[in-house]
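Have a look at work_8.cif; it's mmCIF, C-alpha atoms:
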```
data_model
loop_
_atom_site.label_atom_id
_atom_site.label_comp_id
_atom_site.auth_asym_id
_atom_site.auth_seq_id
_atom_site.Cartn_x
_atom_site.Cartn_y
_atom_site.Cartn_z
CA MET A 1 -72.61 -17.84 -11.30
CA SER A 2 -69.99 -19.87 -13.19
CA ARG A 3 -72.66 -22.34 -14.34
CA ILE A 4 -74.73 -19.51 -15.80
CA ALA A 5 -71.65 -17.89 -17.32
CA LYS A 6 -70.78 -20.97 -19.37
CA TYR A 7 -74.15 -20.79 -21.14
CA LEU A 8 -73.92 -17.09 -22.01
CA PRO A 9 -71.66 -17.48 -25.10
CA HIS A 10 -74.06 -20.10 -26.45
CA ALA A 11 -77.06 -17.89 -25.77
CA ARG A 12 -75.31 -14.99 -27.51
CA ALA A 13 -74.45 -17.15 -30.54
CA HIS A 14 -78.03 -18.37 -30.81
CA LEU A 15 -79.32 -14.80 -30.63
CA VAL A 16 -76.88 -13.49 -33.25
CA LEU A 17 -77.94 -16.24 -35.63
CA GLY A 18 -81.55 -16.43 -34.47
CA LEU A 19 -82.68 -12.80 -34.26
CA PRO A 20 -82.72 -12.30 -38.05
CA LEU A 21 -84.48 -15.66 -38.36
CA ILE A 22 -87.03 -14.54 -35.78
CA GLY A 23 -87.50 -11.33 -37.73
CA SER A 24 -87.92 -13.33 -40.94
CA GLN A 25 -90.52 -15.59 -39.34
CA LEU A 26 -92.42 -12.61 -37.93
CA ALA A 27 -92.33 -10.94 -41.33
CA GLN A 28 -93.56 -14.17 -42.93
CA VAL A 29 -96.46 -14.49 -40.52
CA ALA A 30 -97.19 -10.78 -41.05
CA ILE A 31 -98.36 -11.77 -44.52
CA THR A 32 -101.02 -14.14 -43.18
CA THR A 33 -101.76 -11.78 -40.28
CA ALA A 34 -102.38 -8.93 -42.71
CA ASP A 35 -104.68 -11.19 -44.73
CA THR A 36 -106.61 -12.16 -41.59
CA LEU A 37 -106.73 -8.63 -40.20
CA MET A 38 -107.79 -6.95 -43.43
CA MET A 39 -110.28 -9.68 -44.31
CA GLY A 40 -111.80 -9.37 -40.84
CA TRP A 41 -112.38 -5.69 -41.56
CA TYR A 42 -113.77 -6.52 -44.98
CA ASP A 43 -116.28 -9.29 -44.10
CA VAL A 44 -116.59 -11.86 -41.27
CA THR A 45 -117.87 -14.59 -43.63
CA ALA A 46 -114.93 -14.03 -45.94
CA LEU A 47 -112.68 -14.22 -42.86
CA ALA A 48 -114.08 -17.66 -41.99
CA ALA A 49 -113.46 -18.83 -45.59
CA LEU A 50 -109.91 -17.44 -45.40
CA VAL A 51 -109.28 -19.41 -42.19
CA LEU A 52 -110.33 -22.63 -43.94
CA SER A 53 -108.31 -22.00 -47.09
CA ALA A 54 -105.23 -20.73 -45.27
CA ASN A 55 -105.23 -23.82 -43.06
CA LEU A 56 -105.18 -26.11 -46.09
CA PHE A 57 -102.55 -24.04 -47.91
CA ILE A 58 -100.24 -23.88 -44.89
CA PHE A 59 -100.74 -27.59 -44.19
CA LEU A 60 -99.53 -28.51 -47.69
CA LEU A 61 -96.81 -25.85 -47.63
CA LEU A 62 -95.38 -27.34 -44.45
CA LEU A 63 -95.71 -30.85 -45.84
CA GLY A 64 -93.69 -29.85 -48.90
CA SER A 65 -91.21 -27.81 -46.83
CA GLY A 66 -89.90 -30.91 -45.09
CA PHE A 67 -87.43 -31.27 -47.97
CA ALA A 68 -86.32 -27.66 -47.50
CA TRP A 69 -85.80 -28.14 -43.77
CA ALA A 70 -83.78 -31.28 -44.40
CA VAL A 71 -81.36 -29.09 -46.36
CA MET A 72 -80.53 -26.92 -43.34
CA PRO A 73 -78.69 -29.45 -41.09
CA LEU A 74 -77.05 -31.08 -44.11
CA VAL A 75 -75.67 -27.73 -45.31
CA ALA A 76 -74.59 -26.77 -41.77
CA GLU A 77 -72.66 -30.01 -41.27
CA ALA A 78 -71.13 -29.92 -44.77
CA HIS A 79 -70.15 -26.25 -44.31
CA GLU A 80 -68.43 -27.07 -41.02
CA ALA A 81 -66.51 -29.86 -42.81
CA GLY A 82 -65.61 -27.57 -45.75
CA ASP A 83 -67.42 -29.82 -48.23
CA GLU A 84 -68.95 -27.44 -50.79
CA THR A 85 -69.87 -30.25 -53.17
CA ARG A 86 -72.06 -31.97 -50.57
CA LEU A 87 -73.86 -28.78 -49.54
CA ARG A 88 -74.53 -27.89 -53.20
CA ARG A 89 -75.92 -31.33 -53.96
CA ALA A 90 -78.20 -31.31 -50.91
CA THR A 91 -79.59 -27.89 -51.86
CA ARG A 92 -80.20 -28.82 -55.49
CA MET A 93 -82.02 -32.02 -54.61
CA GLY A 94 -84.07 -30.06 -52.11
CA MET A 95 -85.21 -27.88 -55.02
CA TRP A 96 -85.98 -30.94 -57.15
CA LEU A 97 -88.18 -32.42 -54.45
CA SER A 98 -89.89 -29.07 -53.86
CA VAL A 99 -90.86 -28.83 -57.53
CA LEU A 100 -92.33 -32.33 -57.43
CA ALA A 101 -94.29 -31.49 -54.28
CA ALA A 102 -95.78 -28.33 -55.83
CA LEU A 103 -96.94 -30.29 -58.88
CA VAL A 104 -98.66 -32.85 -56.66
CA PHE A 105 -100.36 -30.24 -54.45
CA TYR A 106 -101.96 -27.95 -57.03
CA PRO A 107 -104.80 -30.34 -58.02
CA VAL A 108 -105.77 -30.41 -54.33
CA PHE A 109 -106.21 -26.64 -54.43
CA TRP A 110 -108.18 -26.75 -57.68
CA PHE A 111 -110.66 -29.31 -56.33
CA SER A 112 -110.66 -28.15 -52.69
CA ALA A 113 -114.40 -27.36 -52.40
CA PRO A 114 -115.53 -31.03 -52.51
CA LEU A 115 -112.78 -31.87 -50.02
CA LEU A 116 -113.89 -29.18 -47.57
CA ARG A 117 -117.56 -30.10 -47.98
CA GLY A 118 -116.64 -33.70 -47.27
CA LEU A 119 -115.02 -32.52 -44.04
CA GLY A 120 -118.34 -31.04 -42.93
CA GLN A 121 -117.81 -27.40 -43.86
CA ALA A 122 -120.66 -25.18 -45.04
CA PRO A 123 -121.00 -25.32 -48.86
CA HIS A 124 -120.78 -21.55 -49.34
CA LEU A 125 -117.58 -21.35 -47.23
CA ALA A 126 -116.08 -24.28 -49.17
CA GLU A 127 -116.74 -22.56 -52.52
CA MET A 128 -115.24 -19.30 -51.29
CA ALA A 129 -112.16 -21.14 -49.99
CA GLN A 130 -111.71 -22.91 -53.33
CA THR A 131 -111.76 -19.57 -55.15
CA TYR A 132 -108.96 -18.36 -52.90
CA LEU A 133 -106.89 -21.55 -53.20
CA ARG A 134 -107.03 -21.77 -56.99
CA ILE A 135 -105.24 -18.42 -57.12
CA ALA A 136 -103.00 -18.63 -54.03
CA GLY A 137 -101.98 -22.18 -54.99
CA LEU A 138 -99.97 -20.76 -57.89
CA GLY A 139 -97.62 -19.35 -55.28
CA MET A 140 -96.86 -22.78 -53.77
CA LEU A 141 -93.89 -23.51 -56.07
CA PRO A 142 -92.00 -20.26 -55.39
CA ALA A 143 -92.84 -20.57 -51.68
CA LEU A 144 -91.28 -24.05 -51.48
CA LEU A 145 -88.21 -23.02 -53.48
CA MET A 146 -87.86 -19.95 -51.29
CA ASN A 147 -87.78 -22.19 -48.21
CA VAL A 148 -85.00 -24.29 -49.74
CA LEU A 149 -82.90 -21.17 -50.30
CA ARG A 150 -83.66 -19.93 -46.79
CA SER A 151 -82.43 -23.24 -45.36
CA TYR A 152 -79.32 -23.10 -47.56
CA LEU A 153 -78.50 -19.58 -46.39
CA SER A 154 -79.30 -20.39 -42.76
CA GLY A 155 -76.95 -23.38 -42.85
CA LEU A 156 -74.25 -20.97 -44.01
CA GLU A 157 -75.27 -18.59 -41.17
CA HIS A 158 -76.41 -15.86 -43.56
CA THR A 159 -79.71 -14.89 -42.00
CA ARG A 160 -79.94 -11.09 -42.18
CA VAL A 161 -80.70 -11.00 -45.89
CA GLN A 162 -83.69 -13.26 -45.27
CA PHE A 163 -85.08 -10.77 -42.80
CA TRP A 164 -84.86 -7.85 -45.22
CA ILE A 165 -86.33 -9.75 -48.17
CA ILE A 166 -89.23 -11.27 -46.22
CA THR A 167 -89.94 -7.96 -44.50
CA GLY A 168 -90.07 -6.25 -47.88
CA GLY A 169 -92.45 -8.95 -49.08
CA ALA A 170 -94.73 -8.40 -46.08
CA LEU A 171 -94.93 -4.67 -46.84
CA VAL A 172 -95.70 -5.35 -50.50
CA ASN A 173 -98.42 -7.79 -49.40
CA ILE A 174 -100.10 -5.15 -47.23
CA LEU A 175 -100.07 -2.69 -50.11
CA LEU A 176 -101.48 -5.23 -52.56
CA ASN A 177 -104.16 -6.27 -50.06
CA TRP A 178 -105.20 -2.65 -49.61
CA LEU A 179 -105.42 -2.21 -53.35
CA LEU A 180 -107.05 -5.50 -54.32
CA ILE A 181 -109.26 -6.50 -51.39
CA PHE A 182 -110.93 -3.12 -51.00
CA GLY A 183 -110.53 -1.83 -54.57
CA ASN A 184 -108.58 1.33 -53.76
CA LEU A 185 -107.02 3.73 -56.27
CA GLY A 186 -109.55 2.75 -58.92
CA LEU A 187 -108.72 -0.96 -58.92
CA PRO A 188 -111.57 -3.53 -58.80
CA GLU A 189 -112.77 -4.67 -55.38
CA LEU A 190 -111.76 -8.36 -55.39
CA GLY A 191 -112.21 -9.28 -51.73
CA LEU A 192 -110.95 -12.80 -51.01
CA SER A 193 -109.52 -13.20 -54.54
CA GLY A 194 -107.52 -10.01 -54.06
CA ALA A 195 -105.86 -11.44 -50.95
CA ALA A 196 -104.96 -14.58 -52.92
CA ILE A 197 -103.38 -12.58 -55.76
CA ALA A 198 -101.35 -10.56 -53.26
CA SER A 199 -100.00 -13.64 -51.43
CA ALA A 200 -99.01 -15.49 -54.64
CA SER A 201 -97.28 -12.39 -56.04
CA VAL A 202 -95.22 -11.90 -52.90
CA ASN A 203 -94.02 -15.52 -52.96
CA PHE A 204 -92.70 -15.07 -56.52
CA LEU A 205 -90.94 -11.81 -55.65
CA ALA A 206 -89.31 -13.18 -52.46
CA PHE A 207 -88.00 -16.29 -54.21
CA ALA A 208 -86.49 -14.19 -57.02
CA ALA A 209 -84.76 -11.90 -54.51
CA LEU A 210 -83.27 -14.80 -52.50
CA ALA A 211 -82.06 -16.54 -55.67
CA ALA A 212 -80.38 -13.33 -56.84
CA PHE A 213 -78.62 -12.93 -53.49
CA ALA A 214 -77.42 -16.55 -53.45
CA LEU A 215 -75.96 -16.20 -56.95
CA TRP A 216 -74.25 -12.93 -56.03
CA ARG A 217 -72.89 -13.94 -52.61
CA PHE A 218 -71.86 -17.56 -53.33
CA PRO A 219 -71.08 -17.80 -57.06
CA HIS A 220 -68.43 -20.46 -56.33
CA HIS A 221 -71.14 -22.85 -55.12
CA GLY A 222 -72.61 -22.97 -58.62
CA LEU A 223 -76.01 -23.56 -57.07
CA PHE A 224 -78.00 -23.30 -60.31
CA ASP A 225 -75.35 -24.67 -62.68
CA ARG A 226 -76.53 -27.84 -64.43
CA LEU A 227 -79.54 -27.88 -62.12
CA TRP A 228 -81.16 -30.54 -64.28
CA ARG A 229 -78.48 -33.13 -63.43
CA PRO A 230 -79.60 -35.53 -60.68
CA ASP A 231 -77.55 -36.69 -57.72
CA TRP A 232 -79.44 -39.74 -56.56
CA GLY A 233 -77.42 -40.21 -53.38
CA ALA A 234 -78.21 -36.68 -52.18
CA PHE A 235 -81.77 -37.03 -53.50
CA ALA A 236 -82.31 -40.13 -51.34
CA GLN A 237 -80.82 -38.51 -48.25
CA VAL A 238 -82.90 -35.33 -48.56
CA PHE A 239 -86.00 -37.38 -49.37
CA ARG A 240 -85.55 -39.68 -46.37
CA MET A 241 -85.01 -36.87 -43.90
CA GLY A 242 -87.49 -34.59 -45.63
CA TRP A 243 -90.56 -36.83 -45.51
CA GLN A 244 -89.89 -37.66 -41.87
CA ILE A 245 -89.51 -33.96 -41.01
CA ALA A 246 -92.61 -33.16 -43.07
CA LEU A 247 -94.78 -35.77 -41.38
CA THR A 248 -93.50 -34.68 -37.97
CA THR A 249 -94.43 -31.09 -38.74
CA VAL A 250 -97.83 -31.84 -40.22
CA SER A 251 -98.62 -34.07 -37.26
CA GLU A 252 -98.67 -30.89 -35.20
CA VAL A 253 -100.08 -28.61 -37.87
CA GLY A 254 -102.66 -31.23 -38.79
CA LEU A 255 -103.86 -31.18 -35.19
CA PHE A 256 -104.44 -27.44 -35.45
CA ASN A 257 -106.14 -27.86 -38.83
CA LEU A 258 -108.40 -30.51 -37.33
CA SER A 259 -109.24 -28.06 -34.58
CA ALA A 260 -110.38 -25.58 -37.25
CA ILE A 261 -112.59 -28.25 -38.81
CA ILE A 262 -114.10 -29.07 -35.42
CA MET A 263 -114.67 -25.33 -34.85
CA GLY A 264 -116.52 -25.22 -38.17
CA TRP A 265 -118.84 -27.92 -36.83
CA ILE A 266 -119.45 -25.84 -33.70
CA GLY A 267 -120.27 -22.68 -35.68
CA THR A 268 -119.04 -19.83 -37.90
CA LEU A 269 -118.45 -17.51 -34.93
CA ALA A 270 -116.37 -20.13 -33.13
CA LEU A 271 -114.35 -20.69 -36.32
CA ALA A 272 -113.70 -16.97 -36.81
CA ALA A 273 -112.67 -16.48 -33.16
CA HIS A 274 -110.48 -19.58 -33.33
CA GLY A 275 -108.75 -18.24 -36.44
CA ILE A 276 -108.03 -14.93 -34.73
CA ALA A 277 -106.73 -16.52 -31.51
CA LEU A 278 -104.60 -18.96 -33.49
CA GLN A 279 -103.18 -16.15 -35.60
CA ILE A 280 -102.15 -14.27 -32.45
CA ALA A 281 -100.56 -17.40 -30.98
CA THR A 282 -98.80 -18.02 -34.30
CA ILE A 283 -97.12 -14.61 -34.07
CA THR A 284 -95.49 -15.50 -30.75
CA PHE A 285 -94.67 -18.99 -32.03
CA MET A 286 -92.61 -17.43 -34.82
CA VAL A 287 -90.10 -16.26 -32.21
CA GLN A 288 -89.73 -19.82 -30.98
CA LEU A 289 -89.47 -21.07 -34.56
CA GLY A 290 -86.67 -18.61 -35.35
CA LEU A 291 -84.78 -19.68 -32.23
CA SER A 292 -85.34 -23.33 -33.09
CA GLN A 293 -83.88 -22.85 -36.58
CA ALA A 294 -80.79 -21.33 -35.01
CA ALA A 295 -80.69 -24.38 -32.72
CA THR A 296 -80.77 -26.69 -35.75
CA VAL A 297 -77.81 -24.93 -37.36
CA ARG A 298 -75.77 -24.77 -34.14
CA ALA A 299 -76.49 -28.42 -33.36
CA GLY A 300 -75.55 -29.41 -36.92
CA ARG A 301 -72.22 -27.62 -36.64
CA ALA A 302 -71.53 -29.16 -33.23
CA LEU A 303 -72.26 -32.56 -34.76
CA GLY A 304 -69.81 -31.80 -37.58
CA ARG A 305 -67.12 -31.11 -34.96
CA ARG A 306 -68.28 -34.00 -32.73
CA ASP A 307 -68.39 -31.47 -29.88
CA GLY A 308 -70.81 -32.99 -27.37
CA ALA A 309 -70.19 -30.39 -24.65
CA ALA A 310 -71.03 -27.48 -26.97
CA LEU A 311 -74.11 -29.35 -28.16
CA ARG A 312 -75.48 -29.87 -24.65
CA ASP A 313 -74.59 -26.40 -23.34
CA GLY A 314 -76.07 -24.79 -26.45
CA ALA A 315 -79.29 -26.76 -25.94
CA VAL A 316 -79.65 -25.51 -22.36
CA ALA A 317 -79.04 -21.94 -23.53
CA VAL A 318 -81.58 -21.99 -26.36
CA TRP A 319 -84.21 -23.70 -24.22
CA GLY A 320 -83.72 -20.97 -21.61
CA LEU A 321 -84.21 -18.26 -24.23
CA GLY A 322 -87.34 -19.94 -25.56
CA LEU A 323 -88.96 -20.46 -22.19
CA GLY A 324 -88.17 -16.87 -21.16
CA PHE A 325 -90.01 -15.49 -24.18
CA ALA A 326 -92.87 -17.91 -23.58
CA LEU A 327 -93.42 -16.44 -20.12
CA ALA A 328 -93.56 -12.94 -21.63
CA SER A 329 -96.18 -14.18 -24.13
CA VAL A 330 -98.29 -15.64 -21.32
CA ALA A 331 -98.37 -12.26 -19.59
CA LEU A 332 -99.35 -10.49 -22.82
CA PHE A 333 -102.22 -12.87 -23.57
CA LEU A 334 -103.63 -12.69 -20.06
CA LEU A 335 -103.36 -8.92 -19.66
CA PHE A 336 -104.62 -7.67 -23.05
CA PRO A 337 -107.03 -10.23 -24.58
CA ASP A 338 -109.66 -7.72 -25.78
CA LEU A 339 -107.05 -5.47 -27.39
CA LEU A 340 -105.45 -8.39 -29.24
CA VAL A 341 -108.65 -10.06 -30.45
CA GLY A 342 -110.47 -6.79 -31.13
CA ALA A 343 -107.80 -5.66 -33.59
CA PHE A 344 -109.01 -8.31 -36.06
CA VAL A 345 -112.68 -7.27 -36.19
CA ASP A 346 -114.33 -4.11 -37.49
CA PRO A 347 -115.59 -2.05 -34.49
CA ASP A 348 -118.94 -1.62 -36.27
CA ASP A 349 -119.42 -5.32 -37.01
CA PRO A 350 -122.59 -6.56 -35.23
CA LEU A 351 -120.87 -9.85 -34.42
CA ARG A 352 -117.86 -8.19 -32.77
CA ASP A 353 -119.00 -8.73 -29.16
CA ASP A 354 -119.67 -12.43 -29.73
CA ILE A 355 -116.27 -12.94 -31.35
CA LEU A 356 -114.57 -11.07 -28.49
CA ARG A 357 -116.35 -13.22 -25.92
CA ILE A 358 -115.15 -16.47 -27.50
CA GLY A 359 -111.70 -15.17 -28.44
CA ARG A 360 -111.04 -13.89 -24.92
CA VAL A 361 -111.34 -17.39 -23.46
CA LEU A 362 -109.34 -18.97 -26.28
CA LEU A 363 -106.42 -16.63 -25.60
CA VAL A 364 -106.32 -17.91 -22.03
CA MET A 365 -105.90 -21.42 -23.43
CA ALA A 366 -103.26 -20.16 -25.87
CA ALA A 367 -101.35 -18.75 -22.89
CA LEU A 368 -101.36 -22.19 -21.28
CA PHE A 369 -99.60 -23.88 -24.17
CA GLN A 370 -96.89 -21.26 -24.72
CA LEU A 371 -94.39 -23.00 -22.43
CA VAL A 372 -94.92 -26.53 -23.76
CA ASP A 373 -95.01 -25.28 -27.35
CA ALA A 374 -91.62 -23.60 -26.88
CA ALA A 375 -90.15 -26.75 -25.34
CA GLN A 376 -91.37 -29.05 -28.11
CA VAL A 377 -90.35 -26.94 -31.11
CA ILE A 378 -86.84 -26.32 -29.79
CA GLY A 379 -86.48 -29.98 -28.82
CA ILE A 380 -87.47 -31.25 -32.23
CA SER A 381 -85.18 -28.73 -33.95
CA LEU A 382 -82.17 -29.77 -31.88
CA LEU A 383 -82.84 -33.38 -32.88
CA ARG A 384 -83.16 -32.27 -36.51
CA GLY A 385 -79.70 -30.71 -36.26
CA LEU A 386 -78.44 -34.13 -35.15
CA GLN A 387 -80.21 -35.63 -38.21
CA ASP A 388 -82.45 -37.66 -35.91
CA THR A 389 -85.85 -37.61 -37.61
CA ARG A 390 -87.48 -41.06 -37.35
CA VAL A 391 -88.09 -41.29 -33.59
CA PRO A 392 -89.27 -37.65 -33.34
CA LEU A 393 -91.86 -38.52 -36.01
CA MET A 394 -93.16 -41.34 -33.82
CA ILE A 395 -93.28 -39.10 -30.75
CA ALA A 396 -95.17 -36.41 -32.65
CA ALA A 397 -97.67 -38.84 -34.16
CA ILE A 398 -98.51 -40.38 -30.79
CA SER A 399 -98.69 -37.03 -28.98
CA TYR A 400 -100.79 -35.14 -31.50
CA TRP A 401 -102.98 -37.85 -33.01
CA GLY A 402 -103.03 -40.46 -30.27
CA ILE A 403 -103.69 -37.93 -27.50
CA GLY A 404 -104.32 -34.35 -28.73
CA ALA A 405 -106.81 -35.00 -31.54
CA PRO A 406 -109.08 -37.42 -29.64
CA ALA A 407 -109.03 -35.14 -26.60
CA SER A 408 -110.03 -32.11 -28.71
CA TYR A 409 -113.01 -33.93 -30.20
CA LEU A 410 -114.15 -35.62 -26.99
CA ILE A 411 -113.90 -32.55 -24.78
CA GLY A 412 -115.05 -30.01 -27.36
CA VAL A 413 -117.85 -31.94 -29.10
CA THR A 414 -118.78 -35.15 -27.27
CA PHE A 415 -118.71 -33.57 -23.80
CA GLY A 416 -120.21 -30.33 -25.13
CA VAL A 417 -117.54 -27.98 -23.72
CA GLY A 418 -117.25 -26.21 -27.10
CA ALA A 419 -114.37 -24.10 -28.35
CA VAL A 420 -112.47 -24.14 -25.06
CA GLY A 421 -112.58 -27.93 -24.95
CA VAL A 422 -111.00 -28.12 -28.40
CA TRP A 423 -108.08 -26.04 -27.16
CA VAL A 424 -107.67 -28.22 -24.04
CA GLY A 425 -106.90 -31.07 -26.43
CA LEU A 426 -104.30 -28.94 -28.20
CA VAL A 427 -102.54 -28.23 -24.90
CA LEU A 428 -102.48 -31.92 -23.96
CA GLY A 429 -100.95 -32.91 -27.31
CA LEU A 430 -98.24 -30.25 -27.12
CA ALA A 431 -97.36 -31.15 -23.53
CA CYS A 432 -96.87 -34.84 -24.36
CA ALA A 433 -94.68 -33.95 -27.35
CA ALA A 434 -92.55 -31.60 -25.26
CA VAL A 435 -91.80 -34.30 -22.68
CA GLY A 436 -91.06 -37.01 -25.26
CA LEU A 437 -88.78 -34.86 -27.42
CA THR A 438 -86.83 -33.52 -24.43
CA LEU A 439 -86.13 -37.05 -23.21
CA ARG A 440 -85.10 -38.12 -26.72
CA PHE A 441 -82.62 -35.25 -27.03
CA ARG A 442 -81.04 -36.05 -23.68
CA HIS A 443 -80.54 -39.64 -24.81
CA ILE A 444 -79.01 -38.75 -28.21
CA ALA A 445 -76.86 -35.85 -26.94
CA ALA A 446 -75.21 -38.13 -24.39
CA THR A 447 -73.72 -40.19 -27.24
CA VAL A 448 -72.13 -37.30 -29.18
#
```

Translate this structure into structure tokens?
Amino acid sequence: MSRIAKYLPHARAHLVLGLPLIGSQLAQVAITTADTLMMGWYDVTALAALVLSANLFIFLLLLGSGFAWAVMPLVAEAHEAGDETRLRRATRMGMWLSVLAALVFYPVFWFSAPLLRGLGQAPHLAEMAQTYLRIAGLGMLPALLMNVLRSYLSGLEHTRVQFWIITGGALVNILLNWLLIFGNLGLPELGLSGAAIASASVNFLAFAALAAFALWRFPHHGLFDRLWRPDWGAFAQVFRMGWQIALTTVSEVGLFNLSAIIMGWIGTLALAAHGIALQIATITFMVQLGLSQAATVRAGRALGRRDGAALRDGAVAVWGLGLGFALASVALFLLFPDLLVGAFVDPDDPLRDDILRIGRVLLVMAALFQLVDAAQVIGISLLRGLQDTRVPLMIAAISYWGIGAPASYLIGVTFGVGAVGVWVGLVLGLACAAVGLTLRFRHIAATV
């Protein structure tokens, strides 16, 4: 009992910090879930195009957000040391790098149709996806800057305001989707373009709200004062950590994006069912992501104090919380697959039964990777808090692209297993990453 009792304060601290972050992540994914859900009710072909375009947008968003996530452990450690100058410089340079990333990404959105056609997607789906991305891509800059401010506030352990702002944005997105996708209240029926306008608008509003809060709550940090002045030391540090974090993240996300491309080769129905199953799994993953962000902050503060015992006990506690929720997710996926998948498709759609048949099996596979997915995301976030980013990048690259991606293609396409085979590859990649990252953390934590 005493061994369990020593972890309880750490579990409580992670929950106090992490629950608003979990809520923020769930509210964030509610935006894409609402797009998927409402587009599925609007038109299945438009849903398939949305899956393609959203995958590309999120891939580049996560690639650019590496700089934002580098800010979080740097701010947490500087805050613990009472060094306001260092935390301000890290945050500013995170914003600089985010602006540069957004400028680089937008041409990819503008010319996305040739890219998607080159990846083997149907020409009409590629054109529809490009229409969406040319509009939604305008929201990339505020989305990246918003993530920098979220990391800054998380490092300072101010997480509740993020929950309320992102939740408000999700509600606004639903309203705008209802108005613009379906053309309600006399507005034009814009379909896929309406969803893009809604998403970009919400990103601008959320960034403005977070910036206003940061200026009000921490005026002494002078976060936006002389923002144009560079700090090349902080720039280099955020850049070094940021690109390694970004490539680590997109190694995993890229595997899932590749799975969507492979599904497109298999067929439109498989792609639509895959998008629905992945969206459901993403909702549960947001809980793990919120916990993992709390783990990054707590690990960063323990590093600032050089408190190895708190670091290791906190890691055990947060892993226990993550694995406990993963087991609950497994039960949900196995008990209610038709209810979960069916919510994303119009009951009168003639393709509904086929999508349910494929989606039902894919949810079983999603249940299998809940445990390993929880272990890997918390492991990599603990290492991020320790500012260890190079070796985790290598582990992720080998796991996802040396093992997961080839397995998805071989089992799903070469061996003819189909959609289920693609997801078997995903599970294998995640499992290898979970083992490698856990071993790496144990090695690093022993030296603190």

Which residues fall under the PyMOL selection byres ((chain A and resi 162) around 10) in this file, as a CSV table (one decimal) with C-alpha atoms, in the coordinates of the input?
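Contents of out-v6.csv, as written:
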```csv
chain,number,residue,atom,x,y,z
A,20,PRO,CA,-82.7,-12.3,-38.0
A,21,LEU,CA,-84.5,-15.7,-38.4
A,23,GLY,CA,-87.5,-11.3,-37.7
A,24,SER,CA,-87.9,-13.3,-40.9
A,25,GLN,CA,-90.5,-15.6,-39.3
A,27,ALA,CA,-92.3,-10.9,-41.3
A,146,MET,CA,-87.9,-20.0,-51.3
A,149,LEU,CA,-82.9,-21.2,-50.3
A,150,ARG,CA,-83.7,-19.9,-46.8
A,153,LEU,CA,-78.5,-19.6,-46.4
A,154,SER,CA,-79.3,-20.4,-42.8
A,158,HIS,CA,-76.4,-15.9,-43.6
A,159,THR,CA,-79.7,-14.9,-42.0
A,160,ARG,CA,-79.9,-11.1,-42.2
A,161,VAL,CA,-80.7,-11.0,-45.9
A,163,PHE,CA,-85.1,-10.8,-42.8
A,164,TRP,CA,-84.9,-7.8,-45.2
A,165,ILE,CA,-86.3,-9.8,-48.2
A,166,ILE,CA,-89.2,-11.3,-46.2
A,167,THR,CA,-89.9,-8.0,-44.5
A,168,GLY,CA,-90.1,-6.2,-47.9
A,206,ALA,CA,-89.3,-13.2,-52.5
A,209,ALA,CA,-84.8,-11.9,-54.5
A,210,LEU,CA,-83.3,-14.8,-52.5
A,213,PHE,CA,-78.6,-12.9,-53.5
```

Between A:Ala272, A:Val422, A:Ala396, A:Leu362, single out the one closest to Thr45 (chain A), counting only C-alpha atoms.
A:Ala272

Please evaluate the PyMOL selection byres ((chain A and resi 322-324) around 12) against the displayed coordinates and give the resulting residues as a ChimeraX atom specification.
/A:11,14-15,18,22,284-295,315-321,325-331,369-379

Chain and number of each residue from the PyMOL selection byres ((chain A and resi 133) around 12), as a tab-separated table (two decimals) with C-alpha atoms, keeping the file's coordinate frame:
```tsv
chain	number	residue	atom	x	y	z
A	49	ALA	CA	-113.46	-18.83	-45.59
A	50	LEU	CA	-109.91	-17.44	-45.40
A	51	VAL	CA	-109.28	-19.41	-42.19
A	52	LEU	CA	-110.33	-22.63	-43.94
A	53	SER	CA	-108.31	-22.00	-47.09
A	54	ALA	CA	-105.23	-20.73	-45.27
A	55	ASN	CA	-105.23	-23.82	-43.06
A	56	LEU	CA	-105.18	-26.11	-46.09
A	57	PHE	CA	-102.55	-24.04	-47.91
A	58	ILE	CA	-100.24	-23.88	-44.89
A	60	LEU	CA	-99.53	-28.51	-47.69
A	105	PHE	CA	-100.36	-30.24	-54.45
A	106	TYR	CA	-101.96	-27.95	-57.03
A	107	PRO	CA	-104.80	-30.34	-58.02
A	108	VAL	CA	-105.77	-30.41	-54.33
A	109	PHE	CA	-106.21	-26.64	-54.43
A	110	TRP	CA	-108.18	-26.75	-57.68
A	111	PHE	CA	-110.66	-29.31	-56.33
A	112	SER	CA	-110.66	-28.15	-52.69
A	113	ALA	CA	-114.40	-27.36	-52.40
A	116	LEU	CA	-113.89	-29.18	-47.57
A	126	ALA	CA	-116.08	-24.28	-49.17
A	127	GLU	CA	-116.74	-22.56	-52.52
A	128	MET	CA	-115.24	-19.30	-51.29
A	129	ALA	CA	-112.16	-21.14	-49.99
A	130	GLN	CA	-111.71	-22.91	-53.33
A	131	THR	CA	-111.76	-19.57	-55.15
A	132	TYR	CA	-108.96	-18.36	-52.90
A	134	ARG	CA	-107.03	-21.77	-56.99
A	135	ILE	CA	-105.24	-18.42	-57.12
A	136	ALA	CA	-103.00	-18.63	-54.03
A	137	GLY	CA	-101.98	-22.18	-54.99
A	138	LEU	CA	-99.97	-20.76	-57.89
A	139	GLY	CA	-97.62	-19.35	-55.28
A	140	MET	CA	-96.86	-22.78	-53.77
A	192	LEU	CA	-110.95	-12.80	-51.01
A	193	SER	CA	-109.52	-13.20	-54.54
A	194	GLY	CA	-107.52	-10.01	-54.06
A	195	ALA	CA	-105.86	-11.44	-50.95
A	196	ALA	CA	-104.96	-14.58	-52.92
A	197	ILE	CA	-103.38	-12.58	-55.76
A	199	SER	CA	-100.00	-13.64	-51.43
A	200	ALA	CA	-99.01	-15.49	-54.64
```
